[in-house]
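Structure record follows, encoded as structure tokens.
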Amino acid sequence: MSGKTQVLEMAERGQIPDVDLLRMMLLSREGDRREAILMRQGKSWIQIPSMGHEAVAALAYHLLPDDYLFPYYRDRLLFLVRGVSLEELARSFFANARSSTAGRNMPVHCTAKHLNLFPSTTPTGSHYLPAVGVAWGISKALSSQVVLCTSGDASVRQGEFYEAVCFAVQESLPIVFAIEDNGYGISTPTENLLPFRLRIFNEKFVSRVNARWVSEVYDKGGQAIEKARNGGGPTILWCEVDRLGSHTNADDHRLYRPAKEIEAMMKRDPLKLYAEELMRSGKLTPEEYRVMEGEARQQIDALYLRLDREPPPDPADVLHHLYAAPCSSYSPVTFQPVEETITMVHAINRTFDAALEKYPEMIFFGEDIEDPKGGVFGFTKGLSRKFPGRVINAPLAEATIVGTGVGLASTGYRPVFEIQFIDFITPGFHQLVTQVATLRWRSTGDWICPLVLYAPYGAYLPGGGIWHSQSNEGWWTHIPGLRVAVPSTPEDAVGLFWSAFQDEDPSLILVPKHLFRKRMPVRPFQPLPFGQAAVRREGRDVSLVAWGNGTELAEEAARLLEPGGVSAEIIDLRTLMPCDWAAVELSLAKTGRLVVIQEDNRTCGFGQAVIAEMVSHPTRFHHLLSPPQLVARKDVPVPYHPRLEYAVLPDVDQVVQAALKTME
């Protein structure tokens with residue numbers, strides 16, 4: 001049973017459904033027991049028990065239908081009380097085709113958009129910032145909704161927990177963090193590591209809860225949720241619980257926990273305590289309890305026996321939901337240039353202005369993007385004055401920028417967030433690879449993340465040094481589920497952004513610093529779908545494939561090659577993921593020779609992927625008249641001194657020599 005209707009009725013009346021909650025506790029506990037047996041029979045690959053954490057589910061009785069839950073993987077009963085069915089939890093254990101994640105995620109990592117239940121992630125704590133992003137959106141909409149985010153005690157030493165709490169306090173967001181402190185991070189005792197015991201947090205934000213008792217969780221949790229709902233801001237519920245079993249089936253807690261400790265905690269079993277409480281109050285008799293135990297066991301055994309027969313996921317479906325279906329049509333760009341020449345920075349600024357006008361759900365967030373500065377490069381100049389409250393300065397915290405964007409994007413907003421330099425995104429890399437890129441796929445399309453991230457990138461701008469001059473396309477294109485674009489002209493920048501604003505997939509748009517202040521001839525602005533390369537120059541002898549700053553090298557090399565009788569064709573990929581392989585193949589069929597130019601360092605860069613794609617398909621390989629060449633940065637960071645910088649970067653002469661080598 002799910003208990004959803006009754007739970008919501010009880011939430012509205014401010015009550016716990018007593019015996020019915022106990023019945024669900026028994027069903028949850030029996031699920032743990034049955035799964036442990038099935039693990040020994042080889043029916044699944046991992047089991048994550050929740051025994052001892054059940055009383056935390058009392059928090060759900062204060063949640064209303066449109067509130068959000070960001071759960072922890074040890075919250076089996078909380079899932080049930082919120083409305084997830086027993087069938088779904090069993091299917092997630094078997095990872096069968098009908099589970100909510102279609103076998104893509106681990107047990108108790110369900111997804112349920114209709115319940116506003118965000119899909120769990122295994123890296124504990126990675127959901128704190130997306131939860132804060134949802135709470136931020138709720139706050140901006142002046143809604144009475146709240147967010148409940150649960151997690152384990154070991155996760156609160158993650159830096160993202162501190163960023164999440166700081167942002168929630170800063171903005172007085174309607175969120176409650178329920179930290180389930182069972183005293184262990186797998187085998188490591190957390191007692192001397194826990195920030196609440198170290199008094200790191202202001203005590204007015206922390207409420208200590210003996211979460212072995214349903215009534216105490218209910219009372220103190222209700223106060224925190226009501227405070228959040230009424231605009232009082234966040235609370236951290238420090239919920240002390242016991243993990244009555246091992247971390248997972250692959251662990252044996254008897255190896256690191258004293259026998260007396262295990263014996264003592266078994267006496268604090270919340271199921272036992274709650275049953276005894278109901279018996280003392282006269283709401284339950286011992287005989288009724290024994291009957292309920294038997295019924296729960298029979299129900300769970302029958303359920304798992306039935307669902308074990310359901311089919312496993314189909315390998316043919318594993319790529320489904322990685323990306324959305326291509327947009328059938330885009331709304332036209334709402335402005336056109338009036339100048340004869342324009343810079344990429346100015347074109348992007350006007351694009352942002354027009355988009356903020358057109359899309360009221362659009363929010364910009366980034367470091368120093370408010371006026372009067374308007375961004376370190378001026379991308380958002382004038383916009384915070386024109387659109388107050390929608391172009392917002394971020395703290396110096398890239399994980400916050402990326403993570404809150406996930407929450408906003410997944411709940412109906414259109415976040416367009418700036419990373420000041422792409423080199424600085426590494427603190428947000430966790431959110432990028434764990435949440436942003438995987439959300440659609442791991443929830444089988446139940447949740448989406450139409451987040452647009454943009455950043456200046458690349459070198460050829462002296463004095464940037466190691467942390468202002470990287471490109472690292474090899475990193476970004478290696479992340480399934482993330483789209484990556486690199487415009488090299490103002491009209492392409494406008495077109496790519498305009499399309500990204502309307503697409504459902506997360507996009508990372510890298511803006512080449514060396515090119516974005518260069519004045520270029522103006523062409524009409526129109527949406528540019530991802531995955532369409534451009535032929536910048538027609539040629540017959542060699543194909544020069546490039547993107548971003550590399551296109552400038554290709555253009556100059558083509559001019560130098562022409563007097564010697566070598567006709568070079570230039571393909572500007574414009575988007576790397578998805579990549580227009582057909583355009584490269586078509587050019588190669590004409591020229592028979594290939595030179596790829598990348599600003600990233602050589603090893604494992606995207607240029608190597610281009611060459612691999614061309615040589616690994618027989619039809620493409622047979623077009624080749626000579627071995628393909630890669631022109632790339634040396635495998636070394638970009639140095640600070642300009643003389644050293646240009647010594648490691650690709651240059652025009654290297655492109656010319658590579659092209660001539662293919663002609664030998």
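Residue names in the structure tokens use chain letters A, B, ... in the order shown, residue numbers from 1 in each chain, and ligand numbers from 1 in the order shown.
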| request: Might you pull out every residue within 8 Å of Ile597 (chain A), with only C-alpha atoms counted and same-chain residues fewer than 6 positions away left off, and present them as a VMD selection string? | output: chain A and resid 544 to 547 550 554 607 630 to 632 650 655
| request: Have a look at A:Leu432, A:Val406, A:Ala493, A:Val511 and name the one nearest to Trp475 (chain A); count only C-alpha atoms. | output: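 Of A:Leu432, A:Val406, A:Ala493, A:Val511, the one nearest Trp475 (chain A) is A:Leu432, counting only C-alpha atoms.
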| If you count only C-alpha atoms, which residues fall within 12 Å of Leu26 (chain A), apart from same-chain ones fewer than 6 positions away, as an NGL selection string? | :A and (1 or 19-20 or 32-34 or 50-52 or 54-55 or 76-77 or 80 or 86 or 270-272 or 274-275 or 289-300)
| said: As an exercise, work out the distance from CA of Asp181 (chain A) to CA of Glu398 (chain A) in Å and give it to one decimal place. | reply: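 Between these atoms lies a distance of 27.7 Å.
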| query | Hey, what does DSSP flag as strand (DSSP E) within region 272-370 of chain A? Can you give it to me as a ChimeraX atom specification? | reply | /A:341-342,362-366
Output C-alpha atoms for every residue in that selection, as a short mmCIF file (atom, residue, chain, number, x, y, z; two decimals), in the first residue's frame.
data_model
loop_
_atom_site.label_atom_id
_atom_site.label_comp_id
_atom_site.auth_asym_id
_atom_site.auth_seq_id
_atom_site.Cartn_x
_atom_site.Cartn_y
_atom_site.Cartn_z
CA THR A 341 29.94 44.69 -38.12
CA ILE A 342 29.44 43.41 -34.61
CA MET A 362 14.39 32.92 -17.44
CA ILE A 363 16.89 33.69 -14.66
CA PHE A 364 20.57 34.65 -14.98
CA PHE A 365 23.00 33.84 -12.17
CA GLY A 366 26.76 34.22 -12.04
#
| For Ile401 (chain A), which residue among A:Val132, A:Asp600, A:Leu383, A:Lys283 is the nearest when counting only C-alpha atoms? |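 Distance minimum relative to Ile401 (chain A) lands on A:Val132.
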| task | Identify, on the basis of only C-alpha atoms, every residue whose closest approach to Val376 (chain A) does not exceed 10 Å; exclude the query and any residue fewer than 3 positions from it along the same chain; express the result as a list in words. | result |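 These residues fall inside the cut-off: Glu367, Asp368, Ile369, Lys373, Phe379, Thr380, Lys381, Gln420, Phe421 and Pro456 of chain A.
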Could you produce a table of the residues of region 200-255 of chain A lying within 10 Å of region 63-72 of chain A, with the nearest pair of atoms per residue and their separation in Å rounded to one decimal, using only C-alpha atoms, ordered by chain and increasing residue number, as JSON lines?
{"residue": "A:Gly222", "atom": "CA", "partner": "A:Leu63", "partner_atom": "CA", "distance": 9.0}
{"residue": "A:Ile225", "atom": "CA", "partner": "A:Leu63", "partner_atom": "CA", "distance": 7.9}
{"residue": "A:Glu226", "atom": "CA", "partner": "A:Leu63", "partner_atom": "CA", "distance": 9.6}
{"residue": "A:Arg229", "atom": "CA", "partner": "A:Asp67", "partner_atom": "CA", "distance": 9.8}
| request: For Ala228 (chain A), please output as a PyMOL selection string all residues within 7 Å (counting only C-alpha atoms; exclusion window: fewer than 3 positions along the same chain). | output: chain A and resi 146+174-175+224-225+231-234
| query | region 204-207 of chain A: which residues within 6 Å, counting only C-alpha atoms, same-chain residues fewer than 5 positions away excluded, as a PyMOL selection string? | reply | chain A and resi 235-238
| request: Would you mind reading off the distance between CA of Pro360 (chain A) and CA of Phe387 (chain A), one decimal, in Å? | output: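 Computing the Euclidean distance for CA of Pro360 (chain A) and CA of Phe387 (chain A) yields 9.9 Å.
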